[in-house]
file input_3.txt (compact mmCIF, C-alpha atoms)
# COMPACT_ATOMS: atom_id res chain seq x y z
CA MET I 21 144.31 97.84 177.32
CA ARG I 22 141.05 97.29 175.55
CA SER I 23 139.13 98.91 178.33
CA SER I 24 141.49 101.84 178.36
CA GLY I 25 141.12 102.10 174.58
CA ARG I 26 137.42 102.08 174.94
CA ASN I 27 137.66 104.62 177.67
CA SER I 28 139.96 106.80 175.65
CA ARG I 29 137.67 106.63 172.67
CA GLY I 30 134.69 107.16 174.88
CA SER I 31 136.30 110.03 176.63
CA GLY I 32 137.34 111.50 173.34
CA SER I 33 133.93 111.12 171.84
CA GLY I 34 132.18 111.99 175.05
CA SER I 35 133.90 114.56 177.12
CA GLY I 36 136.21 115.92 174.46
CA GLY I 37 133.49 116.11 171.82
CA ASN I 38 131.03 117.45 174.28
CA ASN I 39 133.47 120.03 175.48
CA TYR I 40 134.15 121.14 171.90
CA ARG I 41 130.50 121.35 171.03
CA GLY I 42 129.79 122.97 174.35
CA ALA I 43 132.48 125.54 173.74
CA GLY I 44 131.01 126.25 170.37
CA ASN I 45 127.55 126.63 171.82
CA ARG I 46 128.85 128.81 174.57
CA ARG I 47 130.63 130.96 172.05
CA ASP I 48 127.33 131.41 170.15
CA GLU I 49 125.53 132.16 173.35
CA GLN I 50 128.10 134.77 174.31
CA GLN I 51 127.30 136.70 171.10
CA PRO I 52 124.78 139.38 172.05
CA ARG I 53 121.53 139.08 170.04
CA ALA I 54 121.35 142.82 169.71
CA GLY I 55 124.41 142.71 167.44
CA ARG I 56 122.77 140.43 164.86
CA PRO I 57 121.31 142.30 161.92
CA ARG I 58 117.60 141.91 161.46
CA PRO I 59 116.17 141.62 157.91
CA GLU I 60 114.40 144.94 158.15
CA GLU I 61 117.61 146.68 159.32
CA ARG I 62 119.70 145.66 156.31
CA ARG I 63 120.56 148.19 153.68
CA TYR I 64 121.57 147.53 150.10
CA ASP I 65 123.58 150.53 149.09
CA VAL I 66 126.04 148.81 146.79
CA GLY I 67 128.40 151.57 145.94
CA GLY I 68 128.95 152.95 149.43
CA GLY I 69 129.91 149.84 151.42
CA SER I 70 127.49 150.82 154.16
CA GLN I 71 127.04 148.77 157.31
CA ALA I 72 124.24 146.28 157.47
CA GLY I 73 123.28 146.97 161.06
CA PRO I 74 124.63 147.56 164.53
CA GLY I 75 127.58 145.31 165.38
CA SER I 76 128.29 144.37 161.74
CA LYS I 77 131.49 145.10 159.84
CA ALA I 78 132.17 145.82 156.22
CA GLY I 79 132.77 142.70 154.20
CA PRO I 80 134.82 142.26 151.08
CA LYS I 81 133.91 144.15 147.90
CA GLY I 82 132.02 146.77 149.85
CA GLY I 83 129.29 144.37 151.00
CA SER I 84 128.16 144.56 154.64
CA GLN I 85 128.64 141.49 156.75
CA GLY I 86 126.76 140.63 159.94
CA GLY I 87 127.37 138.26 162.83
CA PRO I 88 130.59 137.44 164.59
CA LYS I 89 132.36 136.18 161.44
CA GLY I 90 130.80 138.62 159.06
CA GLY I 91 128.32 136.12 157.59
CA PRO I 92 128.63 135.01 153.95
CA LYS I 93 130.97 136.96 151.75
CA GLY I 94 129.24 140.04 150.44
CA GLY I 95 125.90 138.41 151.09
CA ALA I 96 124.07 141.62 151.69
CA ALA I 97 125.74 143.36 148.78
CA LYS I 98 125.14 140.60 146.20
CA SER I 99 121.56 139.93 147.18
CA GLY I 100 120.54 143.53 146.53
CA ALA I 101 120.31 145.65 143.38
CA PRO I 102 122.89 145.30 140.58
CA LYS I 103 126.00 147.43 140.52
CA GLY I 104 125.31 151.00 139.52
CA VAL I 105 121.57 150.87 140.33
CA GLY I 106 120.21 152.19 143.60
CA GLY I 107 118.32 149.46 145.39
CA ARG I 108 116.48 151.41 148.04
CA GLY I 109 112.81 150.43 147.98
CA ARG I 110 113.45 147.44 145.69
CA LYS I 111 112.97 143.86 146.85
CA PRO I 112 116.30 142.06 147.49
CA ASN I 113 115.61 139.24 145.01
CA ALA I 114 113.81 141.28 142.28
CA PRO I 115 115.72 141.21 138.95
CA ALA I 116 116.57 144.54 137.40
CA ARG I 117 117.92 145.58 134.00
CA PRO I 118 120.38 148.38 133.46
CA ARG I 119 119.03 151.39 131.62
CA GLU I 120 121.60 150.93 128.88
CA TYR I 121 120.22 147.47 128.15
CA GLU I 122 116.63 148.78 128.03
CA ALA I 123 117.70 151.53 125.61
CA GLN I 124 119.38 148.98 123.34
CA MET I 125 116.25 146.81 123.26
CA GLU I 126 114.09 149.80 122.35
CA GLU I 127 116.44 150.78 119.53
CA ARG I 128 116.35 147.23 118.15
CA ASN I 129 112.55 147.19 118.15
CA ARG I 130 112.38 150.51 116.35
CA ALA I 131 114.91 149.40 113.77
CA ARG I 132 112.92 146.23 113.20
CA HIS I 133 109.67 148.11 112.41
CA ASP I 134 111.14 151.21 110.75
CA LYS I 135 113.08 149.59 107.98
CA PRO I 136 114.04 151.96 105.16
CA ARG I 137 112.19 151.48 101.90
CA VAL I 138 114.13 149.63 99.29
CA ALA I 139 114.95 151.84 96.34
CA LEU I 140 113.59 149.96 93.33
CA PRO I 141 114.84 150.48 89.81
CA LYS I 142 112.85 152.85 87.63
CA THR I 143 111.41 149.93 85.68
CA PHE I 144 109.79 148.69 88.88
CA GLY I 145 108.33 152.01 90.04
CA GLU I 146 104.87 152.41 91.55
CA VAL I 147 102.04 151.88 89.10
CA GLU I 148 99.65 154.79 88.78
CA GLY I 149 95.88 154.48 89.15
CA GLU I 150 93.56 151.95 90.79
CA ARG I 151 92.37 148.60 89.61
CA LEU I 152 89.18 148.87 87.61
CA GLN I 153 87.25 146.27 89.63
CA LYS I 154 88.12 148.11 92.85
CA VAL I 155 86.82 151.40 91.45
CA LEU I 156 83.60 149.76 90.29
CA ALA I 157 83.06 148.09 93.66
CA ARG I 158 83.56 151.39 95.51
CA ALA I 159 81.02 153.02 93.18
CA GLY I 160 78.42 150.47 94.29
CA MET I 161 78.35 148.16 91.27
CA GLY I 162 78.72 145.10 93.49
CA SER I 163 81.50 143.13 95.12
CA ARG I 164 84.94 142.96 93.50
CA ARG I 165 84.19 139.45 92.30
CA ALA I 166 80.92 140.64 90.72
CA CYS I 167 82.77 143.54 89.05
CA GLU I 168 85.35 141.12 87.68
CA GLU I 169 82.49 139.16 86.14
CA LEU I 170 81.20 142.35 84.52
CA ILE I 171 84.62 142.81 82.94
CA ASP I 172 84.72 139.17 81.76
CA GLN I 173 81.31 139.68 80.14
CA ALA I 174 82.65 142.69 78.18
CA ARG I 175 80.08 145.00 79.78
CA VAL I 176 82.61 147.59 81.01
CA GLU I 177 84.26 150.25 78.87
CA VAL I 178 86.86 152.86 79.74
CA ASN I 179 87.19 155.96 77.59
CA GLY I 180 85.10 154.36 74.84
CA LYS I 181 87.00 151.04 74.71
CA ILE I 182 85.57 147.76 76.02
CA VAL I 183 87.75 146.15 78.69
CA THR I 184 88.22 142.39 78.48
CA GLU I 185 91.27 141.82 80.70
CA GLN I 186 91.49 141.99 84.47
CA GLY I 187 93.86 144.30 86.31
CA LEU I 188 93.46 147.44 84.20
CA ARG I 189 94.34 150.55 86.22
CA VAL I 190 92.29 153.70 85.81
CA ASP I 191 92.11 157.21 87.21
CA PRO I 192 88.59 157.76 88.65
CA GLU I 193 89.02 161.54 88.40
CA LYS I 194 89.84 161.57 84.68
CA ASP I 195 88.77 158.35 82.97
CA GLU I 196 85.21 157.83 81.74
CA ILE I 197 83.92 154.47 82.96
CA LYS I 198 80.68 152.96 81.73
CA VAL I 199 78.80 149.75 82.49
CA ASP I 200 76.24 148.62 79.90
CA GLY I 201 76.61 152.01 78.25
CA LEU I 202 75.79 153.98 81.42
CA THR I 203 78.37 156.22 83.05
CA VAL I 204 79.44 155.16 86.53
CA ALA I 205 79.80 157.94 89.12
CA THR I 206 83.19 156.89 90.48
CA GLN I 207 83.84 160.10 92.36
CA SER I 208 82.45 161.14 95.73
CA TYR I 209 79.14 162.46 94.39
CA LEU I 210 75.77 162.09 96.06
CA PHE I 211 72.42 161.77 94.30
CA PHE I 212 69.07 161.78 96.10
CA ALA I 213 65.43 161.83 95.08
CA LEU I 214 62.91 163.49 97.40
CA ASN I 215 59.12 163.30 97.23
CA LYS I 216 58.46 166.91 98.18
CA PRO I 217 55.24 167.44 100.12
CA ALA I 218 52.94 170.37 99.45
CA GLY I 219 53.83 173.50 101.42
CA VAL I 220 57.61 172.91 101.30
CA VAL I 221 59.65 175.71 99.71
CA SER I 222 62.09 174.64 96.99
CA THR I 223 65.16 176.19 98.63
CA MET I 224 67.86 174.78 100.87
CA GLU I 225 67.38 177.62 103.39
CA ASP I 226 64.45 179.93 103.97
CA PRO I 227 64.96 183.28 105.75
CA ASP I 228 61.29 183.35 106.77
CA GLY I 229 61.62 180.08 108.65
CA ARG I 230 59.29 178.09 106.38
CA GLN I 231 59.83 174.40 105.81
CA CYS I 232 62.31 173.91 102.97
CA LEU I 233 64.33 171.20 101.21
CA GLY I 234 67.30 171.74 103.50
CA ASP I 235 65.27 170.36 106.40
CA TYR I 236 65.43 166.90 104.81
CA VAL I 237 69.24 166.80 104.45
CA THR I 238 70.43 168.48 107.65
CA ASN I 239 72.60 165.50 108.67
CA ARG I 240 74.66 165.47 105.45
CA GLU I 241 78.32 166.45 105.71
CA THR I 242 78.51 167.46 102.03
CA ARG I 243 76.57 170.47 100.82
CA LEU I 244 73.75 169.48 98.48
CA PHE I 245 71.64 171.62 96.17
CA HIS I 246 68.37 171.01 94.39
CA VAL I 247 67.98 170.39 90.66
CA GLY I 248 65.36 172.84 89.44
CA ARG I 249 62.34 173.91 91.46
CA LEU I 250 58.79 172.94 92.27
CA ASP I 251 56.03 175.32 93.25
CA THR I 252 55.33 175.48 96.97
CA GLU I 253 51.95 173.80 96.52
CA THR I 254 53.20 171.29 93.97
CA GLU I 255 54.20 167.85 95.18
CA GLY I 256 56.42 165.22 93.66
CA ILE I 257 59.96 164.28 92.80
CA ILE I 258 62.85 166.70 93.07
CA LEU I 259 66.52 165.76 92.81
CA LEU I 260 69.31 166.75 95.21
CA THR I 261 73.00 166.36 94.43
CA ASN I 262 76.48 167.85 94.84
CA HIS I 263 77.36 167.24 91.18
CA GLY I 264 77.32 170.78 89.82
CA GLU I 265 77.76 170.00 86.13
CA LEU I 266 75.01 167.37 86.11
CA ALA I 267 72.59 169.69 87.92
CA HIS I 268 73.34 172.49 85.47
CA ARG I 269 72.71 170.33 82.42
CA LEU I 270 69.53 168.80 83.80
CA THR I 271 67.97 172.26 84.09
CA HIS I 272 69.41 173.83 80.93
CA PRO I 273 66.89 174.23 78.06
CA ARG I 274 69.52 173.03 75.59
CA TYR I 275 69.27 169.43 76.82
CA GLY I 276 65.47 169.45 77.11
CA VAL I 277 65.07 166.93 79.95
CA LYS I 278 61.44 165.85 80.09
CA LYS I 279 59.30 166.21 83.24
CA THR I 280 55.99 164.45 83.77
CA TYR I 281 53.08 165.74 85.90
CA LEU I 282 49.70 164.51 87.09
CA ALA I 283 47.10 167.30 87.32
CA ALA I 284 43.64 167.16 88.89
CA ILE I 285 41.20 169.35 86.96
CA GLN I 286 37.45 169.71 86.52
CA GLY I 287 35.67 168.65 83.31
CA PRO I 288 34.11 167.99 81.00
CA LEU I 289 37.14 168.03 78.74
CA PRO I 290 36.96 168.67 75.00
CA ARG I 291 38.41 166.06 72.70
CA ASP I 292 40.96 168.43 71.25
CA LEU I 293 42.49 169.53 74.59
CA GLY I 294 45.56 167.36 74.09
CA LYS I 295 46.02 168.62 70.54
CA ARG I 296 45.83 172.25 71.70
CA LEU I 297 48.43 171.66 74.42
CA LYS I 298 50.80 169.94 71.98
CA SER I 299 50.35 172.66 69.37
CA GLY I 300 51.21 175.33 71.89
CA ILE I 301 49.47 177.63 74.35
CA GLU I 302 50.33 181.29 74.16
CA LEU I 303 51.40 182.72 77.50
CA GLU I 304 52.62 186.19 78.50
CA ASP I 305 56.25 185.03 78.19
CA GLY I 306 55.84 183.10 74.92
CA TYR I 307 54.39 179.85 73.64
CA ALA I 308 54.50 176.70 75.75
CA ARG I 309 54.06 173.26 74.22
CA ALA I 310 53.42 169.88 75.82
CA ASP I 311 55.25 166.79 74.59
CA HIS I 312 52.54 164.39 75.72
CA PHE I 313 48.98 164.49 77.10
CA ARG I 314 46.54 161.80 78.18
CA VAL I 315 43.60 161.28 80.51
CA VAL I 316 44.55 158.90 83.31
CA GLN I 317 41.30 158.76 85.28
CA ASN I 318 37.77 160.20 85.07
CA THR I 319 35.13 160.15 87.81
CA GLY I 320 32.18 162.36 86.92
CA LYS I 321 33.56 165.86 86.41
CA ASN I 322 36.87 165.03 88.15
CA TYR I 323 39.70 164.33 85.74
CA LEU I 324 43.25 163.23 86.37
CA VAL I 325 45.43 164.04 83.36
CA GLU I 326 49.10 163.45 82.62
CA VAL I 327 51.17 166.18 80.99
CA SER I 328 54.81 165.83 79.88
CA LEU I 329 56.99 168.70 78.69
CA HIS I 330 60.66 169.58 78.54
CA GLU I 331 60.34 173.21 79.55
CA GLY I 332 61.05 174.42 83.05
CA ARG I 333 59.49 177.84 83.28
CA LYS I 334 57.79 178.90 86.50
CA HIS I 335 54.26 177.50 87.01
CA ILE I 336 54.37 176.28 83.41
CA VAL I 337 51.82 173.42 83.74
CA ARG I 338 49.40 175.43 85.88
CA ARG I 339 49.51 178.36 83.49
CA MET I 340 49.03 176.21 80.38
CA LEU I 341 45.97 174.40 81.74
CA ALA I 342 44.51 177.60 83.18
CA GLU I 343 44.94 179.34 79.82
CA ALA I 344 43.15 176.41 78.15
CA GLY I 345 40.25 176.92 80.59
CA PHE I 346 40.98 174.21 83.16
CA PRO I 347 42.54 175.49 86.40
CA VAL I 348 44.58 172.94 88.34
CA ASP I 349 43.31 171.78 91.73
CA LYS I 350 46.32 169.61 92.55
CA LEU I 351 49.63 168.98 90.80
CA VAL I 352 52.22 166.23 91.33
CA ARG I 353 55.47 165.72 89.41
CA THR I 354 55.80 161.99 88.84
CA ALA I 355 59.05 161.83 86.86
CA PHE I 356 62.18 163.87 86.22
CA GLY I 357 63.76 162.55 83.06
CA PRO I 358 64.23 158.79 83.47
CA ILE I 359 63.81 158.95 87.27
CA ALA I 360 60.25 158.03 88.28
CA LEU I 361 58.57 158.78 91.60
CA GLY I 362 57.04 155.32 91.82
CA ASP I 363 55.58 154.37 95.19
CA GLN I 364 57.91 156.64 97.16
CA LYS I 365 55.97 158.16 100.05
CA SER I 366 55.54 161.87 100.56
CA GLY I 367 58.45 163.40 102.49
CA TRP I 368 60.75 160.42 101.95
CA LEU I 369 64.33 160.85 100.75
CA ARG I 370 66.07 157.99 98.97
CA ARG I 371 69.51 157.54 97.46
CA MET I 372 69.46 156.97 93.73
CA THR I 373 70.93 153.80 92.29
CA ASN I 374 74.00 153.73 90.06
CA THR I 375 71.80 152.75 87.14
CA GLU I 376 69.57 155.78 87.66
CA VAL I 377 72.61 158.07 87.90
CA GLY I 378 73.99 156.59 84.69
CA MET I 379 70.67 157.14 82.93
CA LEU I 380 70.63 160.78 84.04
CA MET I 381 74.19 161.30 82.80
CA ARG I 382 73.37 159.76 79.44
CA GLU I 383 70.34 162.06 79.21
CA VAL I 384 72.65 165.11 79.28
CA ASP I 385 75.65 163.62 77.43
CA LEU I 386 77.92 163.12 80.46

call {"tool": "encode", "arguments": {"input": "input_3.txt", "output": "structure tokens"}}
result
Amino acid sequence: MRSSGRNSRGSGSGSGGNNYRGAGNRRDEQQPRAGRPRPEERRYDVGGGSQAGPGSKAGPKGGSQGGPKGGPKGGAAKSGAPKGVGGRGRKPNAPARPREYEAQMEERNRARHDKPRVALPKTFGEVEGERLQKVLARAGMGSRRACEELIDQARVEVNGKIVTEQGLRVDPEKDEIKVDGLTVATQSYLFFALNKPAGVVSTMEDPDGRQCLGDYVTNRETRLFHVGRLDTETEGIILLTNHGELAHRLTHPRYGVKKTYLAAIQGPLPRDLGKRLKSGIELEDGYARADHFRVVQNTGKNYLVEVSLHEGRKHIVRRMLAEAGFPVDKLVRTAFGPIALGDQKSGWLRRMTNTEVGMLMREVDL
């Protein structure tokens, strides 16, 4: 009985099991390999329930199934693109988002950054003007911190009143701002000083093609114009700006802005030459008087004299000295009002400082 039991178990585990497995193997072997879908033959058209390959049948939910038993349920359909999105050309496992979801995300981002402005009460409306220290810093008076120190030191005044508190708002276009009594050019004005060489015409453009003042400011976006004139052969300082009112006042006889010249003449000079020039020299267009005269240098018969006057008539210095009997060999303007030529080289253009601009404005009551 034991041996038969062993034999029965052995036969069951041996022949019976082998026959079952063998039948299963044979059943797999009987399946033609041509009927199995290859990976490259699968299609992922979700909505149409298309076949996955030759020998395959449609599975549940429209998914194609391959193999003798159809493979996993809807395997080909679920591994492709999401419902409603065509998956041709897309990798089977690549995630995709519906267009509706993308549109919602974009709307949320826009709403996050484009929030409507909160309507404040009238008592909390926008304050007009700019902070005073910001205006001063933009005008070149220093950093904002340095401008705040100027206010703390009571050196800044607005419309004639000294400012002692921080945070005052001003209108640069209308308010008069001064530092140490000098007006600050808070608007977009430009002020330059040029050491004009001899032979340069005192115009911004010359129809004859001669060298002119405009050749020194060709790269400026804003149109500049010269303040007064200098003879073609006269050297020295000449101002360029786009501030029309300042330029007009600097050249108007009413304000009498003083100009200083150095003239090279031949001697000997009489002792009363300076007195004659100050008393007045009669010219064809009226008397011309010098405000100041002195001898700067003398080498033999060569004299270098300084003449100051507030008139601006054409060739005025040359004509005065020639009428007194001393023709000018060379003439240089060394100062225009409070702006001195200094050691500025011939042909050089420099931007004037805020202090110089303030001194010019005070000269003509601006």

call {"tool": "atom_distance", "arguments": {"input": "input_3.txt", "atom1": "atom CA of Lys321 of chain I", "atom2": "atom CA of Ile285 of chain I"}}
result
8.4 Å

call {"tool": "closest_residue", "arguments": {"input": "input_3.txt", "among": "I:Ala308, I:Ile336, I:Leu214, I:Val384", "to": "Leu351 of chain I", "atoms": "all atoms listed in the file"}}
result
I:Ile336

call {"tool": "closest_residue", "arguments": {"input": "input_3.txt", "among": "I:Asn179, I:Val155, I:Glu331, I:Ala344", "to": "Lys295 of chain I", "atoms": "only C-alpha atoms"}}
result
I:Ala344

call {"tool": "closest_residue", "arguments": {"input": "input_3.txt", "among": "I:Gly367, I:Ala267, I:Asp200, I:His272", "to": "Gln231 of chain I", "atoms": "only C-alpha atoms"}}
result
I:Gly367

call {"tool": "atom_distance", "arguments": {"input": "input_3.txt", "atom1": "atom CA of Glu177 of chain I", "atom2": "atom CA of Met161 of chain I"}}
result
13.9 Å

call {"tool": "atom_distance", "arguments": {"input": "input_3.txt", "atom1": "atom CA of Leu250 of chain I", "atom2": "atom CA of Val220 of chain I"}}
result
9.1 Å

call {"tool": "residues_around", "arguments": {"input": "input_3.txt", "residues": "segment 201-211 of chain I", "least_positions_apart": "6", "cutoff": "8 Å", "atoms": "all atoms listed in the file", "output": "mmCIF file with C-alpha atoms, in the frame of the given file"}}
result
data_model
loop_
_atom_site.group_PDB
_atom_site.id
_atom_site.type_symbol
_atom_site.label_atom_id
_atom_site.label_comp_id
_atom_site.auth_asym_id
_atom_site.auth_seq_id
_atom_site.Cartn_x
_atom_site.Cartn_y
_atom_site.Cartn_z
ATOM 1 C CA VAL I 155 86.820 151.400 91.450
ATOM 2 C CA LEU I 156 83.600 149.760 90.290
ATOM 3 C CA ARG I 158 83.560 151.390 95.510
ATOM 4 C CA ALA I 159 81.020 153.020 93.180
ATOM 5 C CA ARG I 175 80.080 145.000 79.780
ATOM 6 C CA VAL I 176 82.610 147.590 81.010
ATOM 7 C CA GLU I 177 84.260 150.250 78.870
ATOM 8 C CA PRO I 192 88.590 157.760 88.650
ATOM 9 C CA GLU I 193 89.020 161.540 88.400
ATOM 10 C CA LEU I 259 66.520 165.760 92.810
ATOM 11 C CA LEU I 260 69.310 166.750 95.210
ATOM 12 C CA THR I 261 73.000 166.360 94.430
ATOM 13 C CA ASN I 262 76.480 167.850 94.840
ATOM 14 C CA HIS I 263 77.360 167.240 91.180
ATOM 15 C CA ARG I 371 69.510 157.540 97.460
ATOM 16 C CA MET I 372 69.460 156.970 93.730
ATOM 17 C CA ASN I 374 74.000 153.730 90.060
ATOM 18 C CA THR I 375 71.800 152.750 87.140
ATOM 19 C CA VAL I 377 72.610 158.070 87.900
ATOM 20 C CA GLY I 378 73.990 156.590 84.690
ATOM 21 C CA MET I 379 70.670 157.140 82.930
ATOM 22 C CA MET I 381 74.190 161.300 82.800
ATOM 23 C CA ARG I 382 73.370 159.760 79.440
ATOM 24 C CA LEU I 386 77.920 163.120 80.460
#

call {"tool": "closest_residue", "arguments": {"input": "input_3.txt", "among": "I:Gly264, I:Pro347, I:Gly187, I:Pro118", "to": "Gly287 of chain I", "atoms": "only C-alpha atoms"}}
result
I:Pro347

call {"tool": "residues_around", "arguments": {"input": "input_3.txt", "residues": "segment 221-228 of chain I", "least_positions_apart": "4", "cutoff": "8 Å", "atoms": "all atoms listed in the file", "output": "list in words"}}
result
Cys232, Leu233, Gly234, Asp235, Phe245, His246, Arg249, Leu250, Asp251 and Thr252 of chain I

call {"tool": "write_last_selection", "arguments": {"input": "input_3.txt", "atoms": "C-alpha atoms", "output": "PDB file, in the coordinates of the input"}}
result
ATOM      1  CA  CYS I 232      62.310 173.910 102.970  1.00  0.00           C
ATOM      2  CA  LEU I 233      64.330 171.200 101.210  1.00  0.00           C
ATOM      3  CA  GLY I 234      67.300 171.740 103.500  1.00  0.00           C
ATOM      4  CA  ASP I 235      65.270 170.360 106.400  1.00  0.00           C
ATOM      5  CA  PHE I 245      71.640 171.620  96.170  1.00  0.00           C
ATOM      6  CA  HIS I 246      68.370 171.010  94.390  1.00  0.00           C
ATOM      7  CA  ARG I 249      62.340 173.910  91.460  1.00  0.00           C
ATOM      8  CA  LEU I 250      58.790 172.940  92.270  1.00  0.00           C
ATOM      9  CA  ASP I 251      56.030 175.320  93.250  1.00  0.00           C
ATOM     10  CA  THR I 252      55.330 175.480  96.970  1.00  0.00           C
TER      11      THR I 252
END

call {"tool": "residues_around", "arguments": {"input": "input_3.txt", "residues": "Thr280 of chain I", "least_positions_apart": "2", "cutoff": "12 Å", "atoms": "all atoms listed in the file", "output": "PyMOL selection string"}}
result
chain I and resi 256-258+277-278+282-283+310-314+325-332+336-337+351-361

call {"tool": "residues_around", "arguments": {"input": "input_3.txt", "residues": "Glu185 of chain I", "least_positions_apart": "3", "cutoff": "9 Å", "atoms": "all atoms listed in the file", "output": "list in words"}}
result
Ile171, Asp172 and Leu188 of chain I

call {"tool": "write_last_selection", "arguments": {"input": "input_3.txt", "atoms": "C-alpha atoms", "output": "short mmCIF file (atom, residue, chain, number, x, y, z; two decimals), keeping the file's coordinate frame"}}
result
data_model
loop_
_atom_site.label_atom_id
_atom_site.label_comp_id
_atom_site.auth_asym_id
_atom_site.auth_seq_id
_atom_site.Cartn_x
_atom_site.Cartn_y
_atom_site.Cartn_z
CA ILE I 171 84.62 142.81 82.94
CA ASP I 172 84.72 139.17 81.76
CA LEU I 188 93.46 147.44 84.20
#
